[in-house]
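What follows is a short report on a single structure.
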Amino acid sequence: MKRLLIGMMFCSACSTTMVHPDKATPVPPQRVFSFQQNENPLENGKLVITRDKGIMYHAFLFGLRINGQRAACFDQGETGQFFVPAGELILQMGPASYTWTNSECMDDNTHKSDPRWTSRETTMRSKDTKYFRLLVTQGDTFDVQRFDP
């Protein structure tokens, strides 16, 4: 029984913990690259993306691409808002950099060369707001998950 409890404590330390967007820190402007102008407020939707906290990959920034375009790099517990066109979107995320200060945290090929990058599809409607979290599961898998705050 004691071994089971120790094993469960070890595994729970491996996953990440959700941070509510209201309690998260905004991604600094030097690590946000696109989708910041709401040029079509009647047609665009809004994505709110928040990175979990946890020991897994704590030294990495996580990169986010929206429809293949570099959007931002997130540290633990950070959140960002992105104005996107209505229609189908592909969200891609994965490890981007070992450093917190590197504003060039991912280049145009980062996601192509790293098999840990993952993708999630979603469909946006005009004026929709959708919430997603960037996380690492207990199986060491990167994921983008939708949630309702």
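Within each chain, counting starts at residue 1; across the structure tokens, chains are named A, B, ... in the order shown, with ligands numbered 1 upward in that order.
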Extract, using only C-alpha atoms, all DNA, RNA and protein residues at most 6 Å from range 79-86 of chain A, discarding same-chain residues fewer than 5 positions from it, and format them as a ChimeraX atom specification. /A:24-27,35-36,38,44-50,124-126
With C-alpha atoms retained, write the just-selected residues as a PDB file, in the first residue's frame.
```pdb
ATOM      1  CA  ALA A  24      -2.857  33.717 -15.211  1.00  0.00           C
ATOM      2  CA  THR A  25      -0.225  36.270 -16.189  1.00  0.00           C
ATOM      3  CA  PRO A  26      -0.475  37.775 -19.691  1.00  0.00           C
ATOM      4  CA  VAL A  27       2.178  36.615 -22.153  1.00  0.00           C
ATOM      5  CA  PHE A  35      -3.517  37.701 -34.178  1.00  0.00           C
ATOM      6  CA  GLN A  36      -3.590  40.728 -31.869  1.00  0.00           C
ATOM      7  CA  ASN A  38      -9.352  42.696 -34.054  1.00  0.00           C
ATOM      8  CA  ASN A  44     -13.769  37.464 -35.880  1.00  0.00           C
ATOM      9  CA  GLY A  45     -13.764  35.083 -32.952  1.00  0.00           C
ATOM     10  CA  LYS A  46     -11.490  35.159 -29.919  1.00  0.00           C
ATOM     11  CA  LEU A  47      -9.244  32.396 -28.615  1.00  0.00           C
ATOM     12  CA  VAL A  48      -8.086  32.536 -25.000  1.00  0.00           C
ATOM     13  CA  ILE A  49      -5.088  30.232 -24.582  1.00  0.00           C
ATOM     14  CA  THR A  50      -3.577  29.494 -21.159  1.00  0.00           C
ATOM     15  CA  MET A 124     -14.819  29.348 -34.866  1.00  0.00           C
ATOM     16  CA  ARG A 125     -18.016  31.267 -35.479  1.00  0.00           C
ATOM     17  CA  SER A 126     -18.258  35.043 -35.610  1.00  0.00           C
TER      18      SER A 126
END
```
What's around Asp148 in chain A at 9 Å? Count only C-alpha atoms, leave out sequence neighbours fewer than 5 positions away in its own chain, and write the answer as a PDB file with N, CA and C atoms, in the first residue's frame.
```pdb
ATOM      1  N   LYS A 130     -13.522  31.032 -27.428  1.00  0.00           N
ATOM      2  CA  LYS A 130     -13.212  29.666 -27.018  1.00  0.00           C
ATOM      3  C   LYS A 130     -11.950  29.685 -26.160  1.00  0.00           C
ATOM      4  N   TYR A 131     -11.941  28.816 -25.157  1.00  0.00           N
ATOM      5  CA  TYR A 131     -10.842  28.713 -24.213  1.00  0.00           C
ATOM      6  C   TYR A 131     -10.115  27.390 -24.423  1.00  0.00           C
ATOM      7  N   PHE A 132      -8.778  27.466 -24.462  1.00  0.00           N
ATOM      8  CA  PHE A 132      -7.950  26.272 -24.592  1.00  0.00           C
ATOM      9  C   PHE A 132      -6.820  26.345 -23.577  1.00  0.00           C
TER      10      PHE A 132
END
```
Among range 47-140 of chain A, which residues does DSSP mark as strand (DSSP E or B) when it is run on the backbone? Keep the chain and numbering as in the structure and answer as JSON, numbers by chain. {"A": [47, 48, 49, 50, 51, 53, 61, 62, 63, 64, 65, 66, 69, 70, 71, 72, 73, 74, 78, 79, 80, 81, 82, 83, 84, 87, 88, 89, 90, 91, 92, 93, 94, 95, 96, 97, 118, 119, 120, 121, 122, 123, 124, 129, 130, 131, 132, 133, 134, 135, 136]}
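Going from CA of Thr118 in chain A over to CA of Arg146 in chain A, you cover 13.9 Å.
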Residue contacts of Glu121 in chain A (8 Å, only C-alpha atoms) excluding same-chain residues fewer than 2 positions away, as number ranges by chain: A: 88-91, 119, 123
Write the residues of the preceding selection, restricted to C-alpha atoms, as an mmCIF file, in the first residue's frame.
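Okay, this is what ended up in again-v5.cif:
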```
data_model
loop_
_atom_site.group_PDB
_atom_site.id
_atom_site.type_symbol
_atom_site.label_atom_id
_atom_site.label_comp_id
_atom_site.auth_asym_id
_atom_site.auth_seq_id
_atom_site.Cartn_x
_atom_site.Cartn_y
_atom_site.Cartn_z
ATOM 1 C CA GLU A 88 -11.778 26.085 -39.285
ATOM 2 C CA LEU A 89 -8.575 26.606 -37.324
ATOM 3 C CA ILE A 90 -5.613 24.381 -36.598
ATOM 4 C CA LEU A 91 -3.890 25.041 -33.277
ATOM 5 C CA SER A 119 -2.326 19.776 -33.354
ATOM 6 C CA THR A 123 -14.253 25.705 -35.793
#
```
Pick out the residues sitting within 10 Å of Thr17 in chain A, and hand them over as a short mmCIF file (atom, residue, chain, number, x, y, z; two decimals) with C-alpha atoms, in the first residue's frame; count only C-alpha atoms, and ignore anything fewer than 6 positions along from it in its own chain.
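Writing done, so here's selection-v9.cif:
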```cif
data_model
loop_
_atom_site.label_atom_id
_atom_site.label_comp_id
_atom_site.auth_asym_id
_atom_site.auth_seq_id
_atom_site.Cartn_x
_atom_site.Cartn_y
_atom_site.Cartn_z
CA ARG A 51 -0.59 27.33 -20.29
CA ASP A 52 -0.78 25.03 -17.28
CA LYS A 53 1.71 25.04 -14.41
CA GLY A 54 3.75 22.04 -13.31
CA ILE A 55 7.17 20.47 -13.15
CA GLN A 76 4.01 28.45 -17.21
CA GLY A 77 0.82 30.11 -15.99
CA LEU A 135 -0.59 21.09 -21.11
CA VAL A 136 1.57 18.01 -20.72
CA THR A 137 -0.16 14.79 -19.68
#
```
At a cut-off of 6 Å, using only C-alpha atoms, what residues contact Ala96 in chain A? Leave out same-chain residues fewer than 4 positions from it and give the result as a ChimeraX atom specification. /A:61-63,105-106
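Comparing the minimum interatomic distances between Pro95 in chain A and each of A:Asn67, A:Gln30, A:Thr141, A:Asn40, counting only C-alpha atoms, we find that A:Thr141 sits nearest.
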